$ cat structure-v1.csv   # CSV, C-alpha atoms
chain,number,residue,atom,x,y,z
V,1,MET,CA,-81.5,49.1,-52.2
V,2,ILE,CA,-83.8,46.3,-51.2
V,3,GLY,CA,-82.4,42.8,-50.7
V,4,GLY,CA,-83.9,39.5,-51.8
V,5,PHE,CA,-84.1,37.2,-54.7
V,6,GLY,CA,-87.6,36.1,-55.6
V,7,GLY,CA,-89.2,36.0,-52.1
V,8,ALA,CA,-86.1,34.8,-50.2
V,9,GLY,CA,-84.4,37.5,-48.1
V,10,VAL,CA,-86.9,40.2,-48.9
V,11,PRO,CA,-87.2,42.5,-45.9
V,12,ASN,CA,-91.0,42.7,-46.0
V,13,GLU,CA,-91.6,44.5,-42.7
V,14,LEU,CA,-89.0,47.2,-43.6
V,15,ILE,CA,-90.7,47.7,-47.0
V,16,ASP,CA,-94.0,48.0,-45.2
V,17,ALA,CA,-92.5,50.7,-43.0
V,18,LEU,CA,-91.2,52.5,-46.1
V,19,VAL,CA,-94.7,52.3,-47.7
V,20,ASN,CA,-96.0,54.0,-44.6
V,21,GLN,CA,-93.5,56.9,-44.9
V,22,PRO,CA,-94.5,60.0,-46.8
V,23,VAL,CA,-91.4,59.8,-49.0
V,24,LYS,CA,-91.6,60.0,-52.8
V,25,ASP,CA,-89.5,60.1,-55.9
V,26,LEU,CA,-87.7,57.0,-54.8
V,27,VAL,CA,-85.1,55.1,-56.9
V,28,ILE,CA,-85.2,51.4,-56.0
V,29,ILE,CA,-82.2,49.1,-56.6
V,30,THR,CA,-83.2,45.4,-56.3
V,31,ASN,CA,-83.1,42.2,-58.3
V,32,ASN,CA,-86.8,41.7,-59.1
V,33,ALA,CA,-89.7,44.1,-59.4
V,34,GLY,CA,-91.9,42.4,-56.9
V,35,SER,CA,-94.9,40.2,-57.4
V,36,GLY,CA,-98.4,39.9,-56.0
V,37,GLU,CA,-99.6,42.6,-53.5
V,38,THR,CA,-96.9,42.6,-50.8
V,39,GLY,CA,-93.3,43.8,-50.5
V,40,ILE,CA,-91.9,45.7,-53.4
V,41,ALA,CA,-95.1,45.3,-55.3
V,42,ALA,CA,-96.9,47.2,-52.5
V,43,LEU,CA,-94.3,49.9,-52.7
V,44,LEU,CA,-94.7,50.3,-56.4
V,45,LYS,CA,-98.4,50.5,-56.0
V,46,THR,CA,-98.0,53.7,-54.0
V,47,ARG,CA,-96.6,55.3,-57.2
V,48,ARG,CA,-93.8,56.9,-55.2
V,49,VAL,CA,-91.0,55.0,-57.1
V,50,ARG,CA,-89.6,57.0,-59.9
V,51,LYS,CA,-87.1,54.5,-61.1
V,52,ILE,CA,-86.2,50.9,-60.6
V,53,ILE,CA,-82.7,49.5,-61.2
V,54,CYS,CA,-82.9,45.7,-61.5
V,55,SER,CA,-82.0,42.6,-63.5
V,56,TYR,CA,-85.3,40.7,-63.8
V,57,PRO,CA,-88.5,42.6,-63.5
V,58,ARG,CA,-90.6,40.0,-65.2
V,59,MET,CA,-92.1,37.5,-62.7
V,60,PRO,CA,-95.4,35.7,-62.6
V,61,ASP,CA,-97.8,38.1,-61.1
V,62,SER,CA,-95.6,41.2,-61.3
V,63,HIS,CA,-98.6,43.2,-62.5
V,64,HIS,CA,-98.0,46.4,-60.5
V,65,PHE,CA,-94.7,46.9,-62.2
V,66,GLU,CA,-96.1,45.9,-65.6
V,67,THR,CA,-98.9,48.4,-65.3
V,68,LEU,CA,-96.7,51.3,-64.4
V,69,TYR,CA,-94.1,50.3,-67.0
V,70,ARG,CA,-96.5,50.1,-69.8
V,71,ALA,CA,-98.1,53.4,-68.8
V,72,GLY,CA,-94.6,55.0,-68.8
V,73,GLN,CA,-95.0,55.8,-65.1
V,74,ILE,CA,-91.8,54.2,-64.0
V,75,GLU,CA,-88.3,54.2,-65.4
V,76,LEU,CA,-86.5,50.9,-65.7
V,77,GLU,CA,-82.7,50.5,-65.8
V,78,LEU,CA,-82.0,46.9,-66.7
V,79,VAL,CA,-78.7,45.6,-65.4
V,80,PRO,CA,-77.3,42.1,-66.0
V,81,GLN,CA,-77.4,40.5,-62.6
V,82,GLY,CA,-73.6,40.0,-62.3
V,83,ASN,CA,-73.1,43.7,-62.9
V,84,LEU,CA,-75.9,44.6,-60.5
V,85,GLY,CA,-74.0,42.9,-57.6
V,86,GLU,CA,-70.5,43.8,-58.7
V,87,ARG,CA,-71.3,47.5,-59.2
V,88,MET,CA,-72.5,47.5,-55.6
V,89,ARG,CA,-69.3,45.8,-54.5
V,90,ALA,CA,-67.3,48.4,-56.4
V,91,TYR,CA,-69.1,51.2,-54.6
V,92,GLY,CA,-68.8,49.5,-51.2
V,93,ALA,CA,-65.1,48.8,-51.7
V,94,GLY,CA,-64.3,52.4,-52.8
V,95,LEU,CA,-63.5,51.4,-56.4
V,96,GLY,CA,-64.2,53.7,-59.4
V,97,GLY,CA,-65.6,50.9,-61.5
V,98,TYR,CA,-64.3,47.8,-63.3
V,99,TYR,CA,-64.3,46.1,-66.7
V,100,ALA,CA,-66.5,43.1,-67.4
V,101,GLN,CA,-67.0,40.9,-70.4
V,102,THR,CA,-70.8,40.6,-69.7
V,103,SER,CA,-73.0,42.5,-72.2
V,104,TYR,CA,-70.2,43.3,-74.6
V,105,GLY,CA,-71.7,43.7,-78.1
V,106,THR,CA,-75.3,43.9,-76.8
V,107,LEU,CA,-77.9,46.6,-76.3
V,108,LEU,CA,-77.0,46.9,-72.6
V,109,ALA,CA,-73.5,48.0,-73.5
V,110,GLU,CA,-74.5,50.7,-75.9
V,111,GLY,CA,-72.7,54.0,-75.2
V,112,LYS,CA,-70.4,52.4,-72.6
V,113,GLU,CA,-66.6,52.5,-72.8
V,114,THR,CA,-65.0,49.2,-74.1
V,115,ARG,CA,-61.5,48.0,-73.9
V,116,GLN,CA,-59.6,45.0,-75.0
V,117,ILE,CA,-57.5,43.2,-72.3
V,118,ASP,CA,-55.4,40.2,-73.2
V,119,GLY,CA,-57.4,39.7,-76.4
V,120,LYS,CA,-60.9,39.8,-74.9
V,121,TRP,CA,-63.3,42.7,-75.0
V,122,TYR,CA,-64.6,44.3,-71.8
V,123,VAL,CA,-67.2,46.9,-70.9
V,124,PHE,CA,-66.6,49.5,-68.3
V,125,GLU,CA,-69.1,49.5,-65.4
V,126,THR,CA,-69.5,52.3,-62.8
V,127,PRO,CA,-70.1,51.9,-59.1
V,128,LEU,CA,-73.6,51.7,-57.7
V,129,GLY,CA,-74.4,53.0,-54.3
V,130,ALA,CA,-77.5,54.0,-52.3
V,131,ASP,CA,-78.6,56.1,-49.4
V,132,PHE,CA,-80.3,53.2,-47.7
V,133,ALA,CA,-80.2,49.4,-47.9
V,134,LEU,CA,-83.0,47.3,-46.5
V,135,ILE,CA,-82.0,43.7,-45.9
V,136,GLY,CA,-83.5,40.5,-44.5
V,137,GLY,CA,-81.2,38.6,-42.2
V,138,TYR,CA,-81.6,35.6,-39.9
V,139,LYS,CA,-79.8,36.6,-36.7
V,140,ALA,CA,-78.0,39.7,-35.7
V,141,ASP,CA,-76.5,41.3,-32.6
V,142,ARG,CA,-76.5,44.9,-31.3
V,143,LEU,CA,-73.2,45.6,-33.2
V,144,GLY,CA,-74.8,44.8,-36.5
V,145,ASN,CA,-73.1,41.5,-37.1
V,146,VAL,CA,-75.4,39.4,-39.3
V,147,ILE,CA,-75.9,35.8,-40.4
V,148,TYR,CA,-78.3,34.8,-43.1
V,149,ARG,CA,-80.5,31.7,-43.7
V,150,LYS,CA,-79.8,29.5,-46.7
V,151,ALA,CA,-80.3,31.1,-50.1
V,152,ALA,CA,-81.9,34.2,-48.4
V,153,ARG,CA,-78.3,35.5,-48.2
V,154,ASN,CA,-78.2,36.6,-51.8
V,155,PHE,CA,-77.8,40.4,-52.1
V,156,GLY,CA,-77.6,41.0,-48.3
V,157,PRO,CA,-73.8,41.1,-47.9
V,158,VAL,CA,-73.1,43.3,-50.9
V,159,MET,CA,-76.0,45.7,-50.3
V,160,ALA,CA,-74.9,46.2,-46.7
V,161,MET,CA,-71.6,47.6,-47.9
V,162,ALA,CA,-73.0,49.7,-50.7
V,163,ALA,CA,-75.4,52.0,-48.8
V,164,LYS,CA,-74.8,55.0,-46.5
V,165,THR,CA,-77.3,53.6,-44.0
V,166,THR,CA,-77.9,49.9,-43.9
V,167,ILE,CA,-80.9,48.6,-42.0
V,168,VAL,CA,-81.2,44.8,-41.4
V,169,GLN,CA,-84.4,43.1,-40.2
V,170,VAL,CA,-84.1,39.8,-38.4
V,171,PRO,CA,-86.5,37.5,-36.6
V,172,GLU,CA,-84.0,37.3,-33.7
V,173,ILE,CA,-81.5,39.7,-32.1
V,174,VAL,CA,-79.0,37.8,-30.1
V,175,PRO,CA,-76.6,39.1,-27.4
V,176,VAL,CA,-73.2,40.4,-28.5
V,177,GLY,CA,-70.8,37.5,-28.5
V,178,ALA,CA,-73.5,34.9,-29.2
V,179,LEU,CA,-72.7,34.7,-32.9
V,180,ASP,CA,-69.8,32.5,-33.8
V,181,PRO,CA,-67.2,34.9,-35.2
V,182,GLU,CA,-66.1,32.2,-37.7
V,183,THR,CA,-69.5,32.3,-39.3
V,184,ILE,CA,-70.5,36.0,-39.3
V,185,VAL,CA,-71.3,36.9,-42.9
V,186,THR,CA,-71.8,40.6,-42.7
V,187,PRO,CA,-69.6,42.3,-40.1
V,188,GLY,CA,-71.3,45.0,-38.0
V,189,ILE,CA,-69.2,47.9,-39.5
V,190,PHE,CA,-71.5,47.7,-42.6
V,191,VAL,CA,-74.7,47.9,-40.6
V,192,LYS,CA,-76.3,50.9,-39.0
V,193,TYR,CA,-79.5,49.5,-37.5
V,194,VAL,CA,-80.9,46.1,-36.7
V,195,VAL,CA,-84.7,45.6,-36.3
V,196,GLN,CA,-86.3,42.6,-34.8
V,197,VAL,CA,-89.5,41.6,-36.6
V,198,GLY,CA,-92.2,39.0,-36.2
V,199,LYS,CA,-91.7,35.8,-34.2
V,200,GLU,CA,-88.9,33.3,-34.4
V,201,MET,CA,-88.9,31.3,-37.7
G,1,MET,CA,-95.7,22.5,-93.2
G,2,SER,CA,-95.4,19.6,-95.6
G,3,VAL,CA,-92.1,18.3,-94.3
G,4,PRO,CA,-92.7,15.3,-92.0
G,5,LEU,CA,-90.5,16.3,-89.1
G,6,ARG,CA,-90.1,13.9,-86.3
G,7,PRO,CA,-89.2,16.0,-83.2
G,8,ILE,CA,-88.5,14.4,-79.8
G,9,SER,CA,-90.2,15.6,-76.6
G,10,ARG,CA,-88.7,18.1,-74.1
G,11,GLN,CA,-88.2,15.3,-71.7
G,12,GLU,CA,-86.3,13.2,-74.2
G,13,LEU,CA,-84.2,16.3,-75.1
G,14,ALA,CA,-83.5,17.0,-71.4
G,15,LYS,CA,-82.4,13.3,-71.1
G,16,LYS,CA,-80.0,13.6,-74.1
G,17,ILE,CA,-78.4,16.8,-72.6
G,18,ALA,CA,-78.1,15.2,-69.2
G,19,HIS,CA,-76.1,12.3,-70.6
G,20,ARG,CA,-73.6,14.7,-72.1
G,21,ILE,CA,-72.7,16.2,-68.8
G,22,PRO,CA,-69.6,14.6,-67.4
G,23,GLU,CA,-69.2,13.4,-63.8
G,24,GLY,CA,-67.4,16.0,-61.7
G,25,SER,CA,-68.9,19.0,-63.6
G,26,TYR,CA,-70.1,22.2,-62.0
G,27,VAL,CA,-73.2,23.0,-64.0
G,28,ASN,CA,-75.8,25.8,-64.1
G,29,LEU,CA,-79.2,25.0,-65.6
G,30,GLY,CA,-81.1,28.1,-66.8
G,31,ILE,CA,-84.7,29.0,-66.0
G,32,GLY,CA,-87.4,27.2,-67.9
G,33,MET,CA,-86.7,24.2,-70.1
G,34,PRO,CA,-83.1,23.6,-69.0
G,35,THR,CA,-84.2,23.2,-65.4
G,36,GLN,CA,-85.7,19.8,-66.4
G,37,ILE,CA,-82.3,18.4,-67.2
G,38,GLY,CA,-81.7,18.0,-63.5
G,39,ASN,CA,-84.3,15.3,-63.4
G,40,TYR,CA,-82.3,13.1,-65.7
G,41,LEU,CA,-78.7,13.4,-64.5
G,42,PRO,CA,-77.2,9.9,-64.1
G,43,GLU,CA,-77.8,8.6,-60.6
G,44,ASN,CA,-74.8,8.6,-58.2
G,45,ALA,CA,-72.8,10.7,-60.6
G,46,GLU,CA,-71.2,13.6,-58.7
G,47,ILE,CA,-72.4,16.6,-60.6
G,48,MET,CA,-72.7,19.9,-58.7
G,49,LEU,CA,-75.6,22.1,-59.7
G,50,HIS,CA,-75.1,25.8,-59.3
G,51,SER,CA,-78.0,28.3,-58.7
G,52,GLU,CA,-77.2,31.9,-59.4
G,53,ASN,CA,-78.9,33.1,-56.2
G,54,GLY,CA,-76.2,31.4,-54.2
G,55,ILE,CA,-76.3,27.6,-54.0
G,56,LEU,CA,-73.9,24.9,-55.1
G,57,GLY,CA,-75.0,21.3,-54.7
G,58,MET,CA,-78.7,22.0,-55.4
G,59,GLY,CA,-81.0,19.0,-55.1
G,60,PRO,CA,-84.4,18.2,-56.5
G,61,ALA,CA,-87.7,19.8,-55.4
G,62,PRO,CA,-88.8,18.8,-51.9
G,63,PRO,CA,-92.0,16.8,-51.4
G,64,GLU,CA,-95.2,18.9,-51.3
G,65,GLY,CA,-95.6,20.6,-47.9
G,66,LYS,CA,-91.9,20.4,-47.1
G,67,GLU,CA,-90.9,23.6,-49.1
G,68,ASP,CA,-88.5,26.0,-47.5
G,69,TRP,CA,-88.9,29.4,-49.2
G,70,ASP,CA,-85.4,30.4,-48.1
G,71,LEU,CA,-84.2,27.6,-50.4
G,72,ILE,CA,-85.2,28.4,-53.9
G,73,ASN,CA,-83.6,28.2,-57.4
G,74,ALA,CA,-83.2,30.9,-59.9
G,75,GLY,CA,-86.7,30.2,-61.2
G,76,LYS,CA,-88.0,30.9,-57.6
G,77,GLN,CA,-89.1,27.2,-57.2
G,78,ALA,CA,-88.4,25.4,-53.9
G,79,VAL,CA,-85.4,23.1,-54.1
G,80,THR,CA,-83.2,21.1,-51.6
G,81,LEU,CA,-79.5,21.0,-50.8
G,82,LEU,CA,-77.5,17.8,-51.3
G,83,PRO,CA,-74.7,16.7,-48.8
G,84,GLY,CA,-71.6,18.8,-49.5
G,85,GLY,CA,-73.7,21.7,-50.8
G,86,ALA,CA,-73.0,25.3,-49.9
G,87,PHE,CA,-74.7,28.7,-49.6
G,88,PHE,CA,-72.9,32.0,-50.6
G,89,SER,CA,-73.6,35.5,-51.6
G,90,GLN,CA,-74.8,36.8,-54.9
G,91,THR,CA,-71.4,38.3,-55.7
G,92,ASP,CA,-69.6,35.1,-54.9
G,93,SER,CA,-72.1,33.3,-57.1
G,94,PHE,CA,-71.5,35.6,-60.0
G,95,ALA,CA,-67.7,35.4,-59.6
G,96,MET,CA,-68.2,31.6,-60.2
G,97,MET,CA,-70.1,32.4,-63.3
G,98,ARG,CA,-68.1,35.3,-64.7
G,99,GLY,CA,-64.7,34.0,-63.6
G,100,GLY,CA,-65.0,30.9,-65.7
G,101,HIS,CA,-65.4,28.5,-62.8
G,102,LEU,CA,-68.5,26.7,-64.1
G,103,ASP,CA,-67.9,23.9,-66.6
G,104,ILE,CA,-71.2,24.0,-68.3
G,105,CYS,CA,-74.3,26.2,-68.4
G,106,VAL,CA,-77.5,25.4,-70.3
G,107,LEU,CA,-79.6,28.3,-71.4
G,108,GLY,CA,-82.9,28.7,-73.2
G,109,GLY,CA,-82.9,30.8,-76.4
G,110,PHE,CA,-84.9,32.6,-79.0
G,111,GLN,CA,-82.1,32.4,-81.7
G,112,VAL,CA,-78.6,31.1,-82.1
G,113,SER,CA,-76.5,32.2,-85.0
G,114,GLN,CA,-73.9,30.2,-87.0
G,115,THR,CA,-71.1,32.1,-85.2
G,116,GLY,CA,-72.5,31.2,-81.8
G,117,ASP,CA,-74.3,34.5,-81.0
G,118,LEU,CA,-77.2,34.0,-78.6
G,119,ALA,CA,-80.4,35.9,-78.4
G,120,SER,CA,-82.4,34.9,-75.4
G,121,TRP,CA,-83.6,37.9,-73.3
G,122,HIS,CA,-85.7,40.3,-75.3
G,123,THR,CA,-87.9,40.0,-78.4
G,124,GLY,CA,-87.6,43.7,-78.9
G,125,GLU,CA,-91.4,43.9,-79.3
G,126,HIS,CA,-93.2,47.0,-78.3
G,127,GLY,CA,-94.6,46.7,-74.8
G,128,ALA,CA,-92.5,43.6,-74.1
G,129,ILE,CA,-90.8,43.8,-70.7
G,130,PRO,CA,-87.1,43.1,-71.0
G,131,ALA,CA,-85.6,40.9,-68.3
G,132,VAL,CA,-82.0,39.7,-68.5
G,133,GLY,CA,-81.2,38.2,-65.0
G,134,GLY,CA,-78.0,36.3,-65.1
G,135,ALA,CA,-78.2,35.1,-68.8
G,136,MET,CA,-75.6,37.6,-70.1
G,137,ASP,CA,-73.2,36.6,-67.3
G,138,LEU,CA,-73.6,32.9,-67.8
G,139,ALA,CA,-73.5,33.1,-71.6
G,140,VAL,CA,-70.0,34.5,-71.7
G,141,GLY,CA,-68.7,33.3,-68.3
G,142,ALA,CA,-69.2,29.5,-68.3
G,143,LYS,CA,-66.5,27.3,-69.9
G,144,LYS,CA,-69.1,25.8,-72.2
G,145,THR,CA,-72.5,27.3,-73.0
G,146,PHE,CA,-75.2,24.9,-74.3
G,147,VAL,CA,-78.5,26.2,-75.6
G,148,MET,CA,-81.7,24.1,-75.3
G,149,MET,CA,-84.6,25.2,-77.4
G,150,GLU,CA,-87.2,24.2,-80.0
G,151,HIS,CA,-85.8,24.1,-83.5
G,152,LEU,CA,-88.7,26.2,-84.8
G,153,THR,CA,-90.8,29.0,-83.4
G,154,LYS,CA,-94.6,28.5,-83.0
G,155,ASN,CA,-94.9,30.0,-86.5
G,156,GLY,CA,-92.5,27.5,-88.0
G,157,THR,CA,-89.5,29.9,-88.3
G,158,SER,CA,-86.0,28.5,-87.8
G,159,LYS,CA,-84.3,29.5,-84.5
G,160,LEU,CA,-81.0,28.5,-85.9
G,161,VAL,CA,-80.0,31.5,-88.1
G,162,GLU,CA,-77.2,33.1,-90.0
G,163,GLN,CA,-77.5,36.2,-87.9
G,164,CYS,CA,-79.7,36.9,-84.9
G,165,SER,CA,-82.5,39.4,-85.5
G,166,TYR,CA,-83.4,39.7,-81.8
G,167,PRO,CA,-81.2,41.7,-79.4
G,168,LEU,CA,-78.1,39.6,-78.4
G,169,THR,CA,-77.4,38.0,-75.0
G,170,GLY,CA,-73.8,37.3,-75.9
G,171,LEU,CA,-71.4,37.3,-78.9
G,172,ALA,CA,-69.9,34.0,-80.1
G,173,CYS,CA,-70.6,32.4,-76.8
G,174,VAL,CA,-72.5,29.2,-77.7
G,175,ALA,CA,-70.7,25.8,-78.0
G,176,MET,CA,-73.6,23.5,-78.7
G,177,VAL,CA,-77.3,23.8,-79.6
G,178,PHE,CA,-79.8,21.1,-78.6
G,179,THR,CA,-83.1,21.3,-80.3
G,180,ASP,CA,-86.0,18.9,-80.7
G,181,LEU,CA,-84.6,17.9,-84.1
G,182,GLY,CA,-81.0,17.4,-83.3
G,183,ILE,CA,-77.7,18.4,-81.7
G,184,PHE,CA,-75.4,20.9,-83.4
G,185,GLU,CA,-72.0,22.1,-82.6
G,186,ILE,CA,-70.8,25.7,-83.4
G,187,THR,CA,-67.6,25.4,-85.4
G,188,PRO,CA,-65.6,28.0,-87.5
G,189,ALA,CA,-67.6,26.5,-90.4
G,190,GLY,CA,-71.0,27.1,-88.8
G,191,PHE,CA,-73.5,24.6,-87.5
G,192,MET,CA,-72.1,21.1,-87.6
G,193,VAL,CA,-74.6,18.2,-87.1
G,194,ILE,CA,-73.7,15.9,-84.2
G,195,GLU,CA,-76.9,14.0,-84.1
G,196,LEU,CA,-80.3,14.1,-85.8
G,197,PHE,CA,-83.2,12.5,-83.9
G,198,ASN,CA,-85.6,9.8,-85.1
G,199,ASP,CA,-83.6,9.0,-88.2
G,200,MET,CA,-84.3,12.4,-89.9
G,201,SER,CA,-82.0,13.1,-92.8
G,202,ILE,CA,-79.8,16.2,-93.0
G,203,ASP,CA,-81.9,17.3,-96.0
G,204,GLU,CA,-85.1,17.1,-94.0
G,205,VAL,CA,-83.7,19.2,-91.2
G,206,GLN,CA,-81.8,21.6,-93.5
G,207,ALA,CA,-85.1,22.3,-95.3
G,208,VAL,CA,-86.5,24.0,-92.1
G,209,THR,CA,-83.2,25.6,-90.9
G,210,ALA,CA,-82.2,29.1,-91.9
G,211,ALA,CA,-78.5,28.5,-91.8
G,212,PRO,CA,-76.3,26.0,-93.5
G,213,LEU,CA,-75.8,22.7,-91.7
G,214,SER,CA,-72.7,20.5,-92.3
G,215,LEU,CA,-71.7,17.0,-91.4
G,216,LEU,CA,-68.5,16.0,-89.7

$ encode --input "structure-v1.csv" --output "C-alpha cells"
Amino acid sequence: MIGGFGGAGVPNELIDALVNQPVKDLVIITNNAGSGETGIAALLKTRRVRKIICSYPRMPDSHHFETLYRAGQIELELVPQGNLGERMRAYGAGLGGYYAQTSYGTLLAEGKETRQIDGKWYVFETPLGADFALIGGYKADRLGNVIYRKAARNFGPVMAMAAKTTIVQVPEIVPVGALDPETIVTPGIFVKYVVQVGKEM
Amino acid sequence: MSVPLRPISRQELAKKIAHRIPEGSYVNLGIGMPTQIGNYLPENAEIMLHSENGILGMGPAPPEGKEDWDLINAGKQAVTLLPGGAFFSQTDSFAMMRGGHLDICVLGGFQVSQTGDLASWHTGEHGAIPAVGGAMDLAVGAKKTFVMMEHLTKNGTSKLVEQCSYPLTGLACVAMVFTDLGIFEITPAGFMVIELFNDMSIDEVQAVTAAPLSLL
C-alpha cells in the first residue's frame, strides 16, 4: 500500500527506497497510478509491479502506467474509491467484509454477492490488506504516533491499520510526549517504523 | 444540424446550478465541469464544499505562488480552506458520501437515462483506461445527485437517453440533469422539463433528445 491522493501525502522517499530494492512481482494498492517521472510512476517504470489496485489511474501525465497497461504488462483492479478505503478498514479492523450500495448494477459488481437489506440492494466487499504500507506523515514520535498535514492525511490512517508492516516517513521526528494526545491521528500501535526524510517543511 | 439550437455557455450553466444550491447545504462538486460551480455560489451564503480527499469547507484557488500542495481538491488543483473548515481521513470522507450525509453532489456524465441511471466513468472503448474514483460512491450516496453535462456529444448525439449504452456508474441515482439546453428532473414518467434556455421550445429540444421530454 502506498499512501497519497494526487501528490499530497505521497511518501516519495520511501518509494525511491523501494525502487532501489531488487524486489519484483509487486502488487501496489494506492489511489492513483502516479504521474510524471517520480514516485509511483518511477516504480512502475522499473516494470517490477505485476498488478495495481486503485480507483483512478488516469491522471494528466500518467504515461508510464498507460504504456504498461496498453501493452498488457500490468494488471489493473479498479476499485471505487469508497470501497478501496473501506476494504482496508475492514481488514485493519478484523472484519470479514461488508455490504455497500456502491457499484450495485454496474460492471464493477459483476460476479459479486448481492443482498437486499431494508429494501436497498448491496454488494458484498472483501477485506483488503497488505504486507507493507508506505505513508507520508507530518510529525511522528519514536512510538509511531503520527499527525498529518492538511489534505495529505487522506489514506494514511486507514493504510496504517491495514498492513502487517507500516512505515511512515515524516520531515520531523519529535520526542515522545511532544505530540498532543488529543490530536494524534494514527496511534503508534499501527506503525512499525518511522523514518525522517529531507528537511523541515 | 439544421435545428437552430441556442445553448448557454458552461459558465452560465454553472451559475444556474449554483443558484439552485440552498444555503446550509453540504455539497460535493465533481471533477471537471462541476468544479466551476464553486465560482458562482451566492456570496455570504453558508455552503460547505466537500472534497473527497478529506476536506470540508473548501475555499477557492489561492493566488498564484501561494499554492500549498498538501491542500488540493479531488481534481488535484490547489485550493484553500475557509474558516470552520476541517480535514479528515479518506474513510471518514467516504462515510460522509456513502452514509447519505451530503445534501447534493454534482457530477459530470456521458449519459443519463430516463430512469436516472448515470454513465460517467468508462466509454468501454478498446484501449480506454477506466477510472472511477469516487463517482460511484457519490452517485448513490448523496441525498441528491445532479448531473452537469452538454446535451449533445461532439458528434451531435443525445446524452439524454432511454437506456444508457455506456457502462453504468449508478442505477436510478440522478435527481436532476443540467445541460446547456435546459434543466430536466427525473420523475417516474421520465425526463420532465424544468427550464429551457434562451426561449427554446420543447419541440426544438425534443428534436435532438433521444428520450421523451414532458412538461409539468

$ residues_near_point --input "structure-v1.csv" --point "(-94.7, 44.1, -63.6)" --cutoff "7 Å" --atoms "only C-alpha atoms" --output "NGL selection string"
:V and (33 or 57-58 or 62-67)

$ closest_atom_pairs --input "structure-v1.csv" --of "chain V" --to "chain G" --cutoff "8 Å" --atoms "all atoms listed in the file" --output "Markdown table"
| residue | atom | partner | partner_atom | distance |
| --- | --- | --- | --- | --- |
| V:Phe5 | CA | G:Asn53 | CA | 6.8 |
| V:Gly6 | CA | G:Lys76 | CA | 5.6 |
| V:Gly7 | CA | G:Trp69 | CA | 7.2 |
| V:Ala8 | CA | G:Asp70 | CA | 4.9 |
| V:Gly9 | CA | G:Asp70 | CA | 7.2 |
| V:Ser55 | CA | G:Gly133 | CA | 4.7 |
| V:Tyr56 | CA | G:Ala131 | CA | 4.5 |
| V:Pro57 | CA | G:Ala131 | CA | 5.9 |
| V:Arg58 | CA | G:Ala131 | CA | 6.0 |
| V:Glu66 | CA | G:Ile129 | CA | 7.6 |
| V:Arg70 | CA | G:Gly127 | CA | 6.3 |
| V:Leu78 | CA | G:Ala131 | CA | 7.2 |
| V:Val79 | CA | G:Val132 | CA | 7.4 |
| V:Pro80 | CA | G:Gly133 | CA | 5.6 |
| V:Gln81 | CA | G:Gly134 | CA | 4.9 |
| V:Gly82 | CA | G:Phe94 | CA | 5.4 |
| V:Gly85 | CA | G:Thr91 | CA | 5.6 |
| V:Glu86 | CA | G:Thr91 | CA | 6.3 |
| V:Arg89 | CA | G:Thr91 | CA | 7.9 |
| V:Gln101 | CA | G:Val140 | CA | 7.2 |
| V:Thr102 | CA | G:Asp137 | CA | 5.2 |
| V:Ser103 | CA | G:Met136 | CA | 5.9 |
| V:Tyr104 | CA | G:Gly170 | CA | 7.1 |
| V:Gly105 | CA | G:Leu171 | CA | 6.5 |
| V:Thr106 | CA | G:Leu168 | CA | 5.4 |
| V:Leu107 | CA | G:Pro167 | CA | 6.7 |
| V:Arg149 | CA | G:Asp70 | CA | 6.7 |
| V:Lys150 | CA | G:Asp70 | CA | 5.8 |
| V:Ala151 | CA | G:Leu71 | CA | 5.2 |
| V:Ala152 | CA | G:Asp70 | CA | 5.2 |
| V:Arg153 | CA | G:Ser89 | CA | 5.8 |
| V:Asn154 | CA | G:Gln90 | CA | 4.6 |
| V:Phe155 | CA | G:Gln90 | CA | 5.5 |
| V:Gly156 | CA | G:Ser89 | CA | 7.6 |
| V:Pro157 | CA | G:Ser89 | CA | 6.7 |
| V:Val158 | CA | G:Thr91 | CA | 7.1 |

$ closest_residue --input "structure-v1.csv" --among "V:Ile53, V:Ile40, V:Leu143, V:Ala163" --to "Leu84 of chain V" --atoms "all atoms listed in the file"
V:Ile53

$ axis_aligned_box --input "structure-v1.csv" --around "segment 158-171 of chain G" --padding-each-side "4 Å" --output "lines of an AutoDock Vina configuration file"
center_x = -78.7
center_y = 35.1
center_z = -82.5
size_x = 22.6
size_y = 21.2
size_z = 23.0

$ atom_distance --input "structure-v1.csv" --atom1 "atom CA of Glu77 of chain V" --atom2 "atom CA of Ala42 of chain V"
19.7 Å

$ residues_near_point --input "structure-v1.csv" --point "(-82.3, 46.7, -40.3)" --cutoff "6 Å" --atoms "only C-alpha atoms" --output "ChimeraX atom specification"
/V:167-169,193-195

$ atom_distance --input "structure-v1.csv" --atom1 "atom CA of Met96 of chain G" --atom2 "atom CA of Ile2 of chain V"
23.2 Å
